[in-house]
$ cat structure01.cif   # mmCIF, C-alpha atoms and all ligand atoms; chains and numbers go by the auth columns
data_structure
loop_
_atom_site.group_PDB
_atom_site.id
_atom_site.type_symbol
_atom_site.label_atom_id
_atom_site.label_comp_id
_atom_site.label_asym_id
_atom_site.label_seq_id
_atom_site.Cartn_x
_atom_site.Cartn_y
_atom_site.Cartn_z
_atom_site.B_iso_or_equiv
_atom_site.auth_seq_id
_atom_site.auth_asym_id
ATOM 1 C CA MET A 1 0.000 0.000 0.000 0.00 51 H
ATOM 2 C CA ASP A 2 1.331 3.366 -1.013 0.00 52 H
ATOM 3 C CA ARG A 3 1.952 5.847 1.704 0.00 53 H
ATOM 4 C CA VAL A 4 0.541 9.297 1.232 0.00 54 H
ATOM 5 C CA SER A 5 3.309 11.833 1.446 0.00 55 H
ATOM 6 C CA LEU A 6 2.709 14.407 4.103 0.00 56 H
ATOM 7 C CA ASP A 7 5.750 16.426 3.144 0.00 57 H
ATOM 8 C CA ARG A 8 3.780 19.325 1.790 0.00 58 H
ATOM 9 C CA PHE A 9 2.113 19.680 5.168 0.00 59 H
ATOM 10 C CA ALA A 10 5.314 19.428 7.142 0.00 60 H
ATOM 11 C CA HIS A 11 6.090 23.128 7.033 0.00 61 H
ATOM 12 C CA GLY A 12 2.631 24.600 6.556 0.00 62 H
ATOM 13 C CA LEU A 13 1.922 27.986 5.150 0.00 63 H
ATOM 14 C CA PRO A 14 4.084 30.857 6.294 0.00 64 H
ATOM 15 C CA ASP A 15 2.536 32.624 9.270 0.00 65 H
ATOM 16 C CA PRO A 16 1.721 36.190 8.155 0.00 66 H
ATOM 17 C CA GLN A 17 2.636 37.414 11.638 0.00 67 H
ATOM 18 C CA ASP A 18 6.165 36.124 11.119 0.00 68 H
ATOM 19 C CA ALA A 19 6.666 38.473 8.194 0.00 69 H
ATOM 20 C CA GLN A 20 8.290 41.782 9.070 0.00 70 H
ATOM 21 C CA ASN A 21 5.980 44.681 8.389 0.00 71 H
ATOM 22 C CA ARG A 22 7.053 46.749 5.410 0.00 72 H
ATOM 23 C CA PHE A 23 9.543 49.501 6.208 0.00 73 H
ATOM 24 C CA VAL A 24 7.988 52.879 5.433 0.00 74 H
ATOM 25 C CA CYS A 25 10.608 55.474 6.367 0.00 75 H
ATOM 26 C CA MET A 26 12.831 56.732 9.138 0.00 76 H
ATOM 27 C CA CYS A 27 11.383 59.138 11.699 0.00 77 H
ATOM 28 C CA ALA A 28 11.513 62.636 10.258 0.00 78 H
ATOM 29 C CA CYS A 29 13.005 64.115 13.453 0.00 79 H
ATOM 30 C CA GLY A 30 16.381 62.552 12.746 0.00 80 H
ATOM 31 C CA CYS A 31 16.391 60.085 15.673 0.00 81 H
ATOM 32 C CA ARG A 32 16.844 57.213 13.179 0.00 82 H
ATOM 33 C CA GLU A 33 13.810 55.344 14.543 0.00 83 H
ATOM 34 C CA PRO A 34 12.475 53.133 11.736 0.00 84 H
ATOM 35 C CA ILE A 35 8.762 53.355 11.012 0.00 85 H
ATOM 36 C CA TYR A 36 6.981 50.255 9.723 0.00 86 H
ATOM 37 C CA GLU A 37 3.611 49.684 8.123 0.00 87 H
ATOM 38 C CA TRP A 38 0.778 49.630 10.709 0.00 88 H
ATOM 39 C CA ASP A 39 2.819 51.574 13.293 0.00 89 H
ATOM 40 C CA VAL A 40 0.794 54.323 14.976 0.00 90 H
ATOM 41 C CA VAL A 41 2.822 57.464 14.351 0.00 91 H
ATOM 42 C CA ILE A 42 2.446 61.215 14.078 0.00 92 H
ATOM 43 C CA GLU A 43 1.956 62.706 10.616 0.00 93 H
ATOM 44 C CA CYS A 44 2.557 66.384 9.976 0.00 94 H
ATOM 45 C CA THR A 45 -0.438 67.351 7.874 0.00 95 H
ATOM 46 C CA LEU A 46 1.486 70.264 6.356 0.00 96 H
ATOM 47 C CA THR A 47 4.446 68.242 5.064 0.00 97 H
ATOM 48 C CA GLY A 48 3.278 64.619 5.241 0.00 98 H
ATOM 49 C CA ASP A 49 6.399 63.776 7.279 0.00 99 H
ATOM 50 C CA LEU A 50 6.034 60.902 9.739 0.00 100 H
ATOM 51 C CA TYR A 51 7.329 61.019 13.314 0.00 101 H
ATOM 52 C CA ALA A 52 7.745 58.009 15.576 0.00 102 H
ATOM 53 C CA SER A 53 6.133 59.742 18.563 0.00 103 H
ATOM 54 C CA GLU A 54 4.704 62.999 19.857 0.00 104 H
ATOM 55 C CA ARG A 55 8.075 63.646 21.500 0.00 105 H
ATOM 56 C CA CYS A 56 9.804 63.343 18.107 0.00 106 H
ATOM 57 C CA PHE A 57 7.330 65.755 16.543 0.00 107 H
ATOM 58 C CA VAL A 58 7.795 68.320 19.315 0.00 108 H
ATOM 59 C CA ARG A 59 11.586 67.960 19.063 0.00 109 H
ATOM 60 C CA ALA A 60 11.492 68.600 15.318 0.00 110 H
ATOM 61 C CA SER A 61 9.114 71.530 15.614 0.00 111 H
ATOM 62 C CA ASP A 62 9.698 74.948 17.054 0.00 112 H
ATOM 63 C CA ALA A 63 7.927 73.770 20.182 0.00 113 H
ATOM 64 C CA ARG A 64 8.815 72.518 23.617 0.00 114 H
ATOM 65 C CA ARG A 65 7.132 71.216 26.749 0.00 115 H
ATOM 66 C CA VAL A 66 7.021 73.820 29.507 0.00 116 H
ATOM 67 C CA LEU A 67 5.388 74.396 32.860 0.00 117 H
ATOM 68 C CA ALA A 68 2.558 76.794 32.084 0.00 118 H
ATOM 69 C CA GLY A 69 3.074 80.224 33.552 0.00 119 H
ATOM 70 C CA THR A 70 6.794 79.677 34.184 0.00 120 H
ATOM 71 C CA ARG A 71 8.303 79.082 30.713 0.00 121 H
ATOM 72 C CA GLU A 72 10.405 76.430 32.453 0.00 122 H
ATOM 73 C CA ALA A 73 11.238 73.594 30.048 0.00 123 H
ATOM 74 C CA VAL A 74 10.137 70.091 31.042 0.00 124 H
ATOM 75 C CA THR A 75 12.064 67.106 29.712 0.00 125 H
HETATM 76 ZN ZN ZN B . 12.188 60.654 15.965 0.00 201 K
#

$ encode --input "structure01.cif" --output "structure tokens"
Amino acid sequence: MDRVSLDRFAHGLPDPQDAQNRFVCMCACGCREPIYEWDVVIECTLTGDLYASERCFVRASDARRVLAGTREAVT
């Protein structure tokens, strides 16, 4: 009696979650943080640039975090 080969089932289909999400760009602030597809990031609606986080966007903008009423910078 012939044996049915199960070889084609041995490895299965590739798990989509194993695949690395597609690289989109580096963070526009210059921190070299890579941004991948499906990452939640900050987009500047004026330029379309993507930033890895709010902190990156603030760093790249003419903005800073301060204590209101004191102008004291908060890091
Ligand atoms: Zn950044």

$ closest_residue --input "structure01.cif" --among "H:Glu83, H:Asp112, H:Glu104, H:Glu122" --to "ligand ZN 201 (chain K)" --atoms "all atoms listed in the file"
H:Glu83

$ residues_around --input "structure01.cif" --residues "H:Ile92" --least-positions-apart "4" --cutoff "10 Å" --atoms "all atoms listed in the file" --output "ChimeraX atom specification"
/H:77-78,98-107

$ write_last_selection --input "structure01.cif" --atoms "C-alpha atoms" --output "mmCIF file, in the coordinates of the input"
data_model
loop_
_atom_site.group_PDB
_atom_site.id
_atom_site.type_symbol
_atom_site.label_atom_id
_atom_site.label_comp_id
_atom_site.auth_asym_id
_atom_site.auth_seq_id
_atom_site.Cartn_x
_atom_site.Cartn_y
_atom_site.Cartn_z
ATOM 1 C CA CYS H 77 11.383 59.138 11.699
ATOM 2 C CA ALA H 78 11.513 62.636 10.258
ATOM 3 C CA GLY H 98 3.278 64.619 5.241
ATOM 4 C CA ASP H 99 6.399 63.776 7.279
ATOM 5 C CA LEU H 100 6.034 60.902 9.739
ATOM 6 C CA TYR H 101 7.329 61.019 13.314
ATOM 7 C CA ALA H 102 7.745 58.009 15.576
ATOM 8 C CA SER H 103 6.133 59.742 18.563
ATOM 9 C CA GLU H 104 4.704 62.999 19.857
ATOM 10 C CA ARG H 105 8.075 63.646 21.500
ATOM 11 C CA CYS H 106 9.804 63.343 18.107
ATOM 12 C CA PHE H 107 7.330 65.755 16.543
#

$ residues_around --input "structure01.cif" --residues "H:Ile85" --least-positions-apart "3" --cutoff "6 Å" --atoms "all atoms listed in the file" --output "number ranges by chain"
H: 74-76

$ atom_distance --input "structure01.cif" --atom1 "atom CA of H:Val91" --atom2 "atom CA of H:Cys79"
12.2 Å

$ resolve_selection --input "structure01.cif" --expression "the PyMOL selection byres (((chain H and resi 71) around 8) and not hetatm)" --output "list in words"
Ala69, Gln70, Arg72, Phe73, Tyr86, Glu87 and Trp88 of chain H

$ atom_distance --input "structure01.cif" --atom1 "atom CA of H:Val124" --atom2 "atom ZN of ligand ZN 201 (chain K)"
17.9 Å

$ resolve_selection --input "structure01.cif" --expression "the PyMOL selection byres (((chain H and resi 125) around 12) and not hetatm)" --output "ChimeraX atom specification"
/H:105,108-109,114-117,122-124

$ closest_residue --input "structure01.cif" --among "H:Cys81, H:Gly119, H:Ala110, H:Cys94" --to "ligand ZN 201 (chain K)" --atoms "all atoms listed in the file"
H:Cys81

$ closest_residue --input "structure01.cif" --among "H:Thr120, H:Asp89, H:Leu96, H:Arg82" --to "ligand ZN 201 (chain K)" --atoms "only C-alpha atoms and all ligand atoms"
H:Arg82

$ decode --input "structure01.cif" --residues "stretch 67-107 of chain H" --atoms "N, CA and C atoms" --output "PDB file, in the first residue's frame"
ATOM      1  N   GLN H  67       2.110  36.618  10.538  1.00  0.00           N
ATOM      2  CA  GLN H  67       2.636  37.414  11.638  1.00  0.00           C
ATOM      3  C   GLN H  67       4.141  37.277  11.774  1.00  0.00           C
ATOM      4  N   ASP H  68       4.714  36.271  11.093  1.00  0.00           N
ATOM      5  CA  ASP H  68       6.165  36.124  11.119  1.00  0.00           C
ATOM      6  C   ASP H  68       6.832  37.121  10.180  1.00  0.00           C
ATOM      7  N   ALA H  69       6.077  37.565   9.178  1.00  0.00           N
ATOM      8  CA  ALA H  69       6.666  38.473   8.194  1.00  0.00           C
ATOM      9  C   ALA H  69       6.861  39.850   8.819  1.00  0.00           C
ATOM     10  N   GLN H  70       8.010  40.427   8.577  1.00  0.00           N
ATOM     11  CA  GLN H  70       8.290  41.782   9.070  1.00  0.00           C
ATOM     12  C   GLN H  70       7.398  42.752   8.324  1.00  0.00           C
ATOM     13  N   ASN H  71       6.776  43.659   9.054  1.00  0.00           N
ATOM     14  CA  ASN H  71       5.980  44.681   8.389  1.00  0.00           C
ATOM     15  C   ASN H  71       6.880  45.524   7.497  1.00  0.00           C
ATOM     16  N   ARG H  72       6.290  46.013   6.416  1.00  0.00           N
ATOM     17  CA  ARG H  72       7.053  46.749   5.410  1.00  0.00           C
ATOM     18  C   ARG H  72       7.613  48.043   6.004  1.00  0.00           C
ATOM     19  N   PHE H  73       8.903  48.259   5.779  1.00  0.00           N
ATOM     20  CA  PHE H  73       9.543  49.501   6.208  1.00  0.00           C
ATOM     21  C   PHE H  73       8.956  50.656   5.420  1.00  0.00           C
ATOM     22  N   VAL H  74       8.578  51.722   6.108  1.00  0.00           N
ATOM     23  CA  VAL H  74       7.988  52.879   5.433  1.00  0.00           C
ATOM     24  C   VAL H  74       9.019  53.990   5.288  1.00  0.00           C
ATOM     25  N   CYS H  75       9.619  54.411   6.408  1.00  0.00           N
ATOM     26  CA  CYS H  75      10.608  55.474   6.367  1.00  0.00           C
ATOM     27  C   CYS H  75      11.252  55.576   7.744  1.00  0.00           C
ATOM     28  N   MET H  76      12.260  56.411   7.841  1.00  0.00           N
ATOM     29  CA  MET H  76      12.831  56.732   9.138  1.00  0.00           C
ATOM     30  C   MET H  76      12.049  57.909   9.723  1.00  0.00           C
ATOM     31  N   CYS H  77      12.033  58.013  11.040  1.00  0.00           N
ATOM     32  CA  CYS H  77      11.383  59.138  11.699  1.00  0.00           C
ATOM     33  C   CYS H  77      11.968  60.444  11.161  1.00  0.00           C
ATOM     34  N   ALA H  78      11.081  61.386  10.882  1.00  0.00           N
ATOM     35  CA  ALA H  78      11.513  62.636  10.258  1.00  0.00           C
ATOM     36  C   ALA H  78      12.281  63.544  11.208  1.00  0.00           C
ATOM     37  N   CYS H  79      12.313  63.228  12.509  1.00  0.00           N
ATOM     38  CA  CYS H  79      13.005  64.115  13.453  1.00  0.00           C
ATOM     39  C   CYS H  79      14.514  63.905  13.422  1.00  0.00           C
ATOM     40  N   GLY H  80      14.953  62.816  12.824  1.00  0.00           N
ATOM     41  CA  GLY H  80      16.381  62.552  12.746  1.00  0.00           C
ATOM     42  C   GLY H  80      16.880  61.594  13.815  1.00  0.00           C
ATOM     43  N   CYS H  81      15.975  60.998  14.602  1.00  0.00           N
ATOM     44  CA  CYS H  81      16.391  60.085  15.673  1.00  0.00           C
ATOM     45  C   CYS H  81      16.741  58.701  15.135  1.00  0.00           C
ATOM     46  N   ARG H  82      16.526  58.473  13.853  1.00  0.00           N
ATOM     47  CA  ARG H  82      16.844  57.213  13.179  1.00  0.00           C
ATOM     48  C   ARG H  82      15.943  56.063  13.620  1.00  0.00           C
ATOM     49  N   GLU H  83      14.782  56.378  14.186  1.00  0.00           N
ATOM     50  CA  GLU H  83      13.810  55.344  14.543  1.00  0.00           C
ATOM     51  C   GLU H  83      13.104  54.893  13.262  1.00  0.00           C
ATOM     52  N   PRO H  84      13.168  53.594  12.937  1.00  0.00           N
ATOM     53  CA  PRO H  84      12.475  53.133  11.736  1.00  0.00           C
ATOM     54  C   PRO H  84      10.967  53.071  11.962  1.00  0.00           C
ATOM     55  N   ILE H  85      10.220  53.405  10.959  1.00  0.00           N
ATOM     56  CA  ILE H  85       8.762  53.355  11.012  1.00  0.00           C
ATOM     57  C   ILE H  85       8.297  52.297  10.030  1.00  0.00           C
ATOM     58  N   TYR H  86       7.465  51.371  10.530  1.00  0.00           N
ATOM     59  CA  TYR H  86       6.981  50.255   9.723  1.00  0.00           C
ATOM     60  C   TYR H  86       5.480  50.382   9.507  1.00  0.00           C
ATOM     61  N   GLU H  87       5.023  49.713   8.432  1.00  0.00           N
ATOM     62  CA  GLU H  87       3.611  49.684   8.123  1.00  0.00           C
ATOM     63  C   GLU H  87       2.823  49.260   9.359  1.00  0.00           C
ATOM     64  N   TRP H  88       1.709  49.886   9.597  1.00  0.00           N
ATOM     65  CA  TRP H  88       0.778  49.630  10.709  1.00  0.00           C
ATOM     66  C   TRP H  88       1.250  50.239  12.028  1.00  0.00           C
ATOM     67  N   ASP H  89       2.432  50.854  12.083  1.00  0.00           N
ATOM     68  CA  ASP H  89       2.819  51.574  13.293  1.00  0.00           C
ATOM     69  C   ASP H  89       1.892  52.782  13.465  1.00  0.00           C
ATOM     70  N   VAL H  90       1.538  53.086  14.699  1.00  0.00           N
ATOM     71  CA  VAL H  90       0.794  54.323  14.976  1.00  0.00           C
ATOM     72  C   VAL H  90       1.824  55.416  15.181  1.00  0.00           C
ATOM     73  N   VAL H  91       1.809  56.411  14.319  1.00  0.00           N
ATOM     74  CA  VAL H  91       2.822  57.464  14.351  1.00  0.00           C
ATOM     75  C   VAL H  91       2.147  58.818  14.201  1.00  0.00           C
ATOM     76  N   ILE H  92       2.949  59.851  14.244  1.00  0.00           N
ATOM     77  CA  ILE H  92       2.446  61.215  14.078  1.00  0.00           C
ATOM     78  C   ILE H  92       2.763  61.674  12.662  1.00  0.00           C
ATOM     79  N   GLU H  93       1.737  62.163  11.957  1.00  0.00           N
ATOM     80  CA  GLU H  93       1.956  62.706  10.616  1.00  0.00           C
ATOM     81  C   GLU H  93       1.757  64.220  10.661  1.00  0.00           C
ATOM     82  N   CYS H  94       2.725  64.943  10.135  1.00  0.00           N
ATOM     83  CA  CYS H  94       2.557  66.384   9.976  1.00  0.00           C
ATOM     84  C   CYS H  94       1.660  66.599   8.757  1.00  0.00           C
ATOM     85  N   THR H  95       0.502  67.206   8.985  1.00  0.00           N
ATOM     86  CA  THR H  95      -0.438  67.351   7.874  1.00  0.00           C
ATOM     87  C   THR H  95       0.018  68.415   6.889  1.00  0.00           C
ATOM     88  N   LEU H  96       0.967  69.254   7.279  1.00  0.00           N
ATOM     89  CA  LEU H  96       1.486  70.264   6.356  1.00  0.00           C
ATOM     90  C   LEU H  96       2.484  69.649   5.383  1.00  0.00           C
ATOM     91  N   THR H  97       3.362  68.778   5.889  1.00  0.00           N
ATOM     92  CA  THR H  97       4.446  68.242   5.064  1.00  0.00           C
ATOM     93  C   THR H  97       4.263  66.780   4.704  1.00  0.00           C
ATOM     94  N   GLY H  98       3.425  66.049   5.457  1.00  0.00           N
ATOM     95  CA  GLY H  98       3.278  64.619   5.241  1.00  0.00           C
ATOM     96  C   GLY H  98       4.389  63.810   5.897  1.00  0.00           C
ATOM     97  N   ASP H  99       5.321  64.480   6.585  1.00  0.00           N
ATOM     98  CA  ASP H  99       6.399  63.776   7.279  1.00  0.00           C
ATOM     99  C   ASP H  99       5.826  62.932   8.417  1.00  0.00           C
ATOM    100  N   LEU H 100       6.456  61.787   8.662  1.00  0.00           N
ATOM    101  CA  LEU H 100       6.034  60.902   9.739  1.00  0.00           C
ATOM    102  C   LEU H 100       7.037  60.960  10.877  1.00  0.00           C
ATOM    103  N   TYR H 101       6.509  60.986  12.102  1.00  0.00           N
ATOM    104  CA  TYR H 101       7.329  61.019  13.314  1.00  0.00           C
ATOM    105  C   TYR H 101       6.956  59.825  14.189  1.00  0.00           C
ATOM    106  N   ALA H 102       7.968  59.228  14.804  1.00  0.00           N
ATOM    107  CA  ALA H 102       7.745  58.009  15.576  1.00  0.00           C
ATOM    108  C   ALA H 102       6.876  58.260  16.800  1.00  0.00           C
ATOM    109  N   SER H 103       6.901  59.463  17.345  1.00  0.00           N
ATOM    110  CA  SER H 103       6.133  59.742  18.563  1.00  0.00           C
ATOM    111  C   SER H 103       5.854  61.232  18.663  1.00  0.00           C
ATOM    112  N   GLU H 104       4.981  61.586  19.588  1.00  0.00           N
ATOM    113  CA  GLU H 104       4.704  62.999  19.857  1.00  0.00           C
ATOM    114  C   GLU H 104       5.993  63.717  20.248  1.00  0.00           C
ATOM    115  N   ARG H 105       6.816  63.044  21.049  1.00  0.00           N
ATOM    116  CA  ARG H 105       8.075  63.646  21.500  1.00  0.00           C
ATOM    117  C   ARG H 105       8.963  63.985  20.296  1.00  0.00           C
ATOM    118  N   CYS H 106       9.011  63.092  19.317  1.00  0.00           N
ATOM    119  CA  CYS H 106       9.804  63.343  18.107  1.00  0.00           C
ATOM    120  C   CYS H 106       9.260  64.565  17.361  1.00  0.00           C
ATOM    121  N   PHE H 107       7.934  64.644  17.277  1.00  0.00           N
ATOM    122  CA  PHE H 107       7.330  65.755  16.543  1.00  0.00           C
ATOM    123  C   PHE H 107       7.635  67.077  17.237  1.00  0.00           C
TER     124      PHE H 107
END
